Number of protein chains: 2
Amino acid sequence: MDRTTSAQALAIGGALRKACSACSLRELCLPRALEDNALLELEQVVETLGPLHRGDHLFRQGDEFQALYVVRSGYLKAYVVSASGEEHVLGFFMSGELLGLDSIPSERKRCSARVLDTSMVCRLPFEELSAICTQVPALQRQLLRLISRELMRAGAHSVHDTVDSRMATFLLDWGERLGKRGFSPRHFILPMSRQDIASHLQMSPETVSRCVTRFNENGWIDMTRRELKITDMSALAELRTNTG
Amino acid sequence: MDRTTSAQALAIGGALRKACSACSLRELCLPRALEDNALLELEQVVETLGPLHRGDHLFRQGDEFQALYVVRSGYLKAYVVSASGEEHVLGFFMSGELLGLDSIPSERKRCSARVLDTSMVCRLPFEELSAICTQVPALQRQLLRLISRELMRAGAHSVHDTVDSRMATFLLDWGERLGKRGFSPRHFILPMSRQDIASHLQMSPETVSRCVTRFNENGWIDMTRRELKITDMSALAELRTNTG
DNA sequence: CGCTATTTTGAGCCGCGTCAATACGGGTGG
DNA sequence: CCACCCGTATTGACGCGGCTCAAAATAGCG
């Protein structure tokens, strides 16, 4: 999947530059339910960045806050580096998802965003976006909608569920997000390392590994390296207690 | 403090009904940095609720989303009830703080809010608020600011710190929030039960209790029941690793 | 002054983190 | 095409923090 995705992004890169209206992500993204003339305004302030490559930084902790970002294609992770120097992964992002919402008040980025797999990204300068919002209530609404969705996700992070529960939730959630984008929700390639998963789910890499092994042995999944086939959806679904 | 706070709220309840501009919370709240005419608009859609009493619900999980709420005085908690029937406390709120941000997209409240101690609350009907935002960029900005602050708080919840670390963080944070409101940051009365604290910090009530005992023995705090004196600020500060 | 809810204390156990060693895989150069 | 190397992933052994279960102490309330 790595290569396919990035190749596509490259191929249509030129066209992306001026077309929210033609974007396949329209329904998932900011312009959802926007009228044509509003879309035109939005398009004028959107810049497309990329292709960005594995390891590149979209922004860094401490940078000045200036823009929001939407993933066009590829995958990114957001993370903070704690005082003790360890990385803590806040989340992973795929096409249509919004990054950078955490930093508006401080005027400094609270986290860094790094590319996991070759990506195209739309940049929405915040000042301009904000200005358009005052003219287009629907856009303002949608922005709030997306922000609030983000809040929910953050709040749902109920640790103190079992390790198995958190892992199952993570795998199912990732599959569902892919499903909304037209990919298979039960067979995919994860773009992040075990370390990243561990950090995000608040456990050790060893535990992630053991968890995967266990799931494999139980016949719930078939996972080697980063390729995952979910073979027993309902078994995983039973493990996750929370609101997804 | 319980009685004092609620009594004040009652005493000036009448005046509150029409005065963002005279509100002592103005700097902490939504109207921060708003011009006078914008304030007038805001005042016209704000309703004041209360006094609400311990145990009352401000809203419940599943309710239709219609408004945001700002605490005028008193204390509330937000929580979700999981499928297994247990309560999970998402956060505690004091004067000037905003509730209800998690629910915008779903049109249904994702959590419930319950009064911990007699409270006055401002109700901001979302439709109207949203409409004013399109006319008053500064308000829109401030709303985003508050929402984003909320996001940060949610993200900062780094479990997998020690129990002691989480507890220290919680106590210091609570004190600091009180400090911003003119109260002592090192001597106060917590409005929530040990159970609530435990749920919020993702630990068992027994562990909370043991933790308090330990802190007492170390001479860091002097806490009996809900009254807390912080006697060694720096000891606690050393425990908290994260961004507060 | 008893009754009940909350908090504290104690004993025991288990999940998961830590440390350490091994296996795997992908890239590189001969 | 194979040998080598290094980063990532797996597996194993062990210890401890914090959960669980259970009981005692304390506070709030009629």
# chains A, B, ... in the order shown; residues from 1 in each chain; ligands from 1
>>> interface_residues(of="chain D", to="chain B", cutoff="12 Å", atoms="only C-alpha atoms (C1' of nucleotides)", output="VMD selection string")
chain D and resid 17 to 21 26 to 28
>>> write_last_selection(atoms="C-alpha atoms (C1' of nucleotides)", output="compact mmCIF listing (two decimals), in the first residue's frame")
# COMPACT_ATOMS: atom_id res chain seq x y z
C1' DG D 17 3.03 -1.19 41.30
C1' DG D 18 -1.40 -0.91 41.79
C1' DC D 19 -5.94 -3.59 41.58
C1' DT D 20 -8.98 -6.66 44.17
C1' DC D 21 -11.21 -8.35 48.02
C1' DT D 26 -14.47 7.91 60.44
C1' DA D 27 -17.78 11.39 59.07
C1' DG D 28 -22.23 13.05 57.94
>>> closest_atom_pairs(of="chain C", to="chain A", cutoff="9 Å", atoms="only C-alpha atoms (C1' of nucleotides)", output="CSV")
residue,atom,partner,partner_atom,distance
C:DG15,C1',A:Thr162,CA,9.0
C:DC16,C1',A:Thr207,CA,7.3
C:DG17,C1',A:Ser204,CA,6.9
>>> residues_around(residues="stretch 1-8 of chain C", least_positions_apart="3", cutoff="12 Å", atoms="only C-alpha atoms (C1' of nucleotides)", output="ChimeraX atom specification")
/B:192-196,205-213,224-226 /D:23-30
>>> write_last_selection(atoms="C-alpha atoms (C1' of nucleotides)", output="tab-separated table (two decimals), in the first residue's frame")
chain	number	residue	atom	x	y	z
B	192	MET	CA	-15.18	16.12	44.63
B	193	SER	CA	-15.06	12.76	46.34
B	194	ARG	CA	-12.12	10.37	46.43
B	195	GLN	CA	-14.08	8.19	44.04
B	196	ASP	CA	-14.33	11.04	41.55
B	205	PRO	CA	-10.16	4.81	45.27
B	206	GLU	CA	-7.90	2.77	47.53
B	207	THR	CA	-4.90	3.94	45.61
B	208	VAL	CA	-5.98	7.56	45.90
B	209	SER	CA	-6.28	7.11	49.62
B	210	ARG	CA	-2.88	5.48	49.95
B	211	CYS	CA	-1.37	8.19	47.84
B	212	VAL	CA	-2.79	10.93	50.05
B	213	THR	CA	-1.51	9.13	53.12
B	224	THR	CA	-7.81	15.44	55.76
B	225	ARG	CA	-11.06	14.63	54.08
B	226	ARG	CA	-11.49	17.30	51.40
D	23	DA	C1'	-12.51	-5.40	57.07
D	24	DA	C1'	-12.06	-1.50	60.18
D	25	DA	C1'	-12.44	3.47	61.07
D	26	DT	C1'	-14.47	7.91	60.44
D	27	DA	C1'	-17.78	11.39	59.07
D	28	DG	C1'	-22.23	13.05	57.94
D	29	DC	C1'	-27.12	12.95	59.07
D	30	DG	C1'	-31.38	12.22	60.99
>>> select_by_dssp(residues="stretch 2-233 of chain B", states="alpha helix (DSSP H)", output="CSV table (one decimal) with C-alpha atoms, in the first residue's frame")
chain,number,residue,atom,x,y,z
B,2,ASP,CA,-18.7,25.4,49.7
B,3,ARG,CA,-21.1,27.6,51.5
B,4,THR,CA,-19.3,30.8,50.8
B,5,THR,CA,-19.2,30.4,47.1
B,6,SER,CA,-22.8,29.3,46.7
B,7,ALA,CA,-24.0,32.1,49.0
B,8,GLN,CA,-22.2,34.7,46.9
B,9,ALA,CA,-23.8,33.3,43.7
B,10,LEU,CA,-27.2,33.5,45.3
B,11,ALA,CA,-26.7,37.1,46.5
B,13,GLY,CA,-27.9,36.2,41.1
B,14,GLY,CA,-30.2,38.9,39.9
B,15,ALA,CA,-27.5,41.1,38.5
B,16,LEU,CA,-25.9,38.3,36.6
B,36,ASP,CA,-18.4,46.8,24.0
B,37,ASN,CA,-20.9,46.5,21.2
B,38,ALA,CA,-19.9,42.8,20.7
B,39,LEU,CA,-20.4,42.2,24.3
B,40,LEU,CA,-23.9,43.6,24.1
B,41,GLU,CA,-24.8,41.1,21.4
B,42,LEU,CA,-23.4,38.3,23.4
B,43,GLU,CA,-25.3,39.3,26.5
B,44,GLN,CA,-28.6,39.1,24.6
B,45,VAL,CA,-28.3,35.4,24.1
B,126,PHE,CA,-25.1,27.3,20.2
B,127,GLU,CA,-27.0,28.5,17.1
B,128,GLU,CA,-27.1,32.1,18.4
B,129,LEU,CA,-23.5,32.0,19.5
B,130,SER,CA,-22.4,30.7,16.2
B,131,ALA,CA,-24.3,33.4,14.4
B,132,ILE,CA,-22.6,36.1,16.5
B,133,CYS,CA,-19.3,34.6,15.7
B,134,THR,CA,-19.7,35.2,12.0
B,135,GLN,CA,-20.1,38.9,12.8
B,137,PRO,CA,-14.2,37.6,14.5
B,138,ALA,CA,-12.7,38.3,18.0
B,139,LEU,CA,-15.4,36.1,19.5
B,140,GLN,CA,-14.8,33.3,17.0
B,141,ARG,CA,-11.2,33.5,17.8
B,142,GLN,CA,-11.7,33.3,21.5
B,143,LEU,CA,-14.1,30.4,21.1
B,144,LEU,CA,-11.5,28.5,19.1
B,145,ARG,CA,-9.0,29.4,21.7
B,146,LEU,CA,-11.0,27.9,24.5
B,147,ILE,CA,-11.8,24.8,22.5
B,148,SER,CA,-8.2,24.3,21.6
B,149,ARG,CA,-7.2,24.7,25.3
B,150,GLU,CA,-9.6,21.9,26.0
B,151,LEU,CA,-7.9,19.8,23.4
B,152,MET,CA,-4.6,20.3,25.0
B,153,ARG,CA,-5.8,19.3,28.4
B,154,ALA,CA,-7.3,16.1,27.0
B,155,GLY,CA,-4.1,15.3,25.2
B,156,ALA,CA,-1.9,16.0,28.1
B,163,VAL,CA,0.2,7.3,40.5
B,164,ASP,CA,2.1,9.8,42.6
B,165,SER,CA,2.9,11.8,39.5
B,166,ARG,CA,-0.7,12.0,38.4
B,167,MET,CA,-1.9,12.9,41.8
B,168,ALA,CA,0.6,15.6,42.3
B,169,THR,CA,-0.2,17.0,38.9
B,170,PHE,CA,-3.9,17.0,39.7
B,171,LEU,CA,-3.5,18.8,43.1
B,172,LEU,CA,-1.1,21.4,41.7
B,173,ASP,CA,-3.3,22.0,38.6
B,174,TRP,CA,-6.4,22.5,40.8
B,175,GLY,CA,-4.5,24.9,43.0
B,176,GLU,CA,-3.3,26.9,40.0
B,177,ARG,CA,-6.7,27.1,38.5
B,178,LEU,CA,-8.0,28.5,41.9
B,179,GLY,CA,-5.0,30.8,42.0
B,180,LYS,CA,-6.0,32.4,38.7
B,194,ARG,CA,-12.1,10.4,46.4
B,195,GLN,CA,-14.1,8.2,44.0
B,196,ASP,CA,-14.3,11.0,41.6
B,197,ILE,CA,-10.6,11.8,41.8
B,198,ALA,CA,-9.9,8.1,41.4
B,199,SER,CA,-12.0,7.8,38.3
B,200,HIS,CA,-10.6,11.0,36.8
B,201,LEU,CA,-7.0,9.9,37.4
B,205,PRO,CA,-10.2,4.8,45.3
B,206,GLU,CA,-7.9,2.8,47.5
B,207,THR,CA,-4.9,3.9,45.6
B,208,VAL,CA,-6.0,7.6,45.9
B,209,SER,CA,-6.3,7.1,49.6
B,210,ARG,CA,-2.9,5.5,50.0
B,211,CYS,CA,-1.4,8.2,47.8
B,212,VAL,CA,-2.8,10.9,50.0
B,213,THR,CA,-1.5,9.1,53.1
B,214,ARG,CA,1.9,8.9,51.6
B,215,PHE,CA,2.0,12.6,50.7
B,216,ASN,CA,0.9,13.4,54.2
B,217,GLU,CA,3.6,11.3,55.7
B,233,MET,CA,5.0,22.9,46.6
>>> select_by_dssp(residues="stretch 29-192 of chain B", states="strand (DSSP E or B)", output="NGL selection string")
:B and (47-52 or 57-59 or 64 or 67-81 or 87-93 or 98-99 or 108 or 112-125 or 159 or 161 or 187-189)
>>> residues_around(residues="D:DA3", least_positions_apart="2", cutoff="10 Å", atoms="only C-alpha atoms (C1' of nucleotides)", output="VMD selection string")
(chain C and resid 29 to 30) or (chain D and resid 1 5)
>>> residues_around(residues="C:DG25", least_positions_apart="2", cutoff="10 Å", atoms="only C-alpha atoms (C1' of nucleotides)", output="number ranges by chain")
A: 225; C: 23, 27; D: 7-9
>>> residues_around(residues="stretch 87-103 of chain B", least_positions_apart="2", cutoff="6 Å", atoms="only C-alpha atoms (C1' of nucleotides)", output="PyMOL selection string")
(chain A and resi 148+151-152) or (chain B and resi 25+28-29+68-73+75-81+105-106+109-110+199-200)
>>> write_last_selection(atoms="N, CA and C atoms", output="short mmCIF file (atom, residue, chain, number, x, y, z; two decimals), in the first residue's frame")
data_model
loop_
_atom_site.label_atom_id
_atom_site.label_comp_id
_atom_site.auth_asym_id
_atom_site.auth_seq_id
_atom_site.Cartn_x
_atom_site.Cartn_y
_atom_site.Cartn_z
N SER A 148 -14.41 19.37 17.33
CA SER A 148 -15.10 18.67 18.39
C SER A 148 -14.92 17.17 18.27
N LEU A 151 -11.84 16.36 19.86
CA LEU A 151 -11.97 16.35 21.31
C LEU A 151 -12.52 15.02 21.80
N MET A 152 -13.52 14.53 21.10
CA MET A 152 -14.11 13.27 21.48
C MET A 152 -13.07 12.17 21.47
N LEU B 25 -15.68 37.37 35.73
CA LEU B 25 -15.00 36.29 35.00
C LEU B 25 -14.61 36.70 33.59
N LEU B 28 -11.50 35.55 32.02
CA LEU B 28 -11.26 34.12 31.91
C LEU B 28 -12.19 33.48 30.89
N CYS B 29 -13.21 34.21 30.52
CA CYS B 29 -14.34 33.61 29.84
C CYS B 29 -14.34 33.95 28.36
N LEU B 68 -23.63 25.58 24.76
CA LEU B 68 -22.43 25.49 25.58
C LEU B 68 -22.73 26.12 26.94
N TYR B 69 -21.94 25.76 27.92
CA TYR B 69 -22.17 26.29 29.26
C TYR B 69 -20.88 26.82 29.85
N VAL B 70 -20.99 27.92 30.57
CA VAL B 70 -19.84 28.44 31.29
C VAL B 70 -20.19 28.47 32.77
N VAL B 71 -19.29 27.98 33.59
CA VAL B 71 -19.52 27.99 35.03
C VAL B 71 -19.32 29.41 35.56
N ARG B 72 -20.32 29.91 36.27
CA ARG B 72 -20.18 31.22 36.92
C ARG B 72 -19.57 31.06 38.30
N SER B 73 -20.13 30.10 39.02
CA SER B 73 -19.62 29.83 40.36
C SER B 73 -19.96 28.40 40.70
N TYR B 75 -18.89 24.22 41.25
CA TYR B 75 -18.04 23.22 40.61
C TYR B 75 -18.90 22.12 39.99
N LEU B 76 -18.48 21.65 38.83
CA LEU B 76 -19.18 20.54 38.18
C LEU B 76 -18.18 19.50 37.71
N LYS B 77 -18.70 18.32 37.42
CA LYS B 77 -17.87 17.29 36.79
C LYS B 77 -18.56 16.81 35.53
N ALA B 78 -17.76 16.41 34.55
CA ALA B 78 -18.27 15.78 33.33
C ALA B 78 -17.88 14.32 33.37
N TYR B 79 -18.79 13.45 32.95
CA TYR B 79 -18.48 12.03 33.01
C TYR B 79 -19.26 11.26 31.96
N VAL B 80 -18.75 10.12 31.64
CA VAL B 80 -19.47 9.19 30.76
C VAL B 80 -19.76 7.92 31.54
N VAL B 81 -20.82 7.26 31.15
CA VAL B 81 -21.12 5.95 31.73
C VAL B 81 -20.84 4.91 30.66
N PRO B 105 -20.45 17.71 16.94
CA PRO B 105 -20.73 17.00 15.71
C PRO B 105 -21.84 15.96 15.84
N SER B 106 -21.93 15.34 16.97
CA SER B 106 -22.84 14.20 17.07
C SER B 106 -24.28 14.65 17.27
N LYS B 109 -25.32 14.75 23.22
CA LYS B 109 -24.29 14.89 24.24
C LYS B 109 -23.57 13.57 24.42
N ARG B 110 -22.24 13.65 24.42
CA ARG B 110 -21.43 12.45 24.60
C ARG B 110 -21.16 12.18 26.07
N SER B 199 -11.52 8.05 39.65
CA SER B 199 -12.03 7.82 38.31
C SER B 199 -11.35 8.74 37.30
N HIS B 200 -11.19 10.00 37.69
CA HIS B 200 -10.59 10.96 36.78
C HIS B 200 -9.12 10.64 36.51
#
>>> atom_distance(atom1="atom CA of B:His57", atom2="atom CA of B:Thr118")
11.6 Å
>>> atom_distance(atom1="atom CA of A:Glu86", atom2="atom CA of A:Glu227")
26.8 Å
>>> residues_around(residues="A:Ala235", least_positions_apart="5", cutoff="10 Å", atoms="only C-alpha atoms (C1' of nucleotides)", output="list in words")
Ala168, Phe215, Asn218, Gly219, Trp220, Ile221, Ile230 and Arg240 of chain A
>>> write_last_selection(atoms="N, CA and C atoms", output="mmCIF file, in the first residue's frame")
data_model
loop_
_atom_site.group_PDB
_atom_site.id
_atom_site.type_symbol
_atom_site.label_atom_id
_atom_site.label_comp_id
_atom_site.auth_asym_id
_atom_site.auth_seq_id
_atom_site.Cartn_x
_atom_site.Cartn_y
_atom_site.Cartn_z
ATOM 1 N N ALA A 168 -7.312 -3.963 20.501
ATOM 2 C CA ALA A 168 -8.454 -4.298 19.652
ATOM 3 C C ALA A 168 -9.134 -3.022 19.161
ATOM 4 N N PHE A 215 -3.294 -12.487 19.818
ATOM 5 C CA PHE A 215 -4.410 -12.355 18.882
ATOM 6 C C PHE A 215 -4.259 -13.332 17.722
ATOM 7 N N ASN A 218 -5.079 -16.815 18.852
ATOM 8 C CA ASN A 218 -6.520 -16.989 19.040
ATOM 9 C C ASN A 218 -7.285 -17.026 17.729
ATOM 10 N N GLY A 219 -6.574 -16.763 16.645
ATOM 11 C CA GLY A 219 -7.233 -16.793 15.343
ATOM 12 C C GLY A 219 -8.065 -15.560 15.048
ATOM 13 N N TRP A 220 -7.826 -14.481 15.817
ATOM 14 C CA TRP A 220 -8.618 -13.268 15.599
ATOM 15 C C TRP A 220 -8.055 -12.432 14.464
ATOM 16 N N ILE A 221 -6.749 -12.470 14.331
ATOM 17 C CA ILE A 221 -6.102 -11.711 13.265
ATOM 18 C C ILE A 221 -5.013 -12.569 12.629
ATOM 19 N N ILE A 230 -7.780 -8.956 9.568
ATOM 20 C CA ILE A 230 -8.663 -9.244 10.695
ATOM 21 C C ILE A 230 -9.552 -10.411 10.301
ATOM 22 N N ARG A 240 -13.403 -4.458 22.857
ATOM 23 C CA ARG A 240 -13.430 -3.010 23.077
ATOM 24 C C ARG A 240 -14.696 -2.614 23.798
#
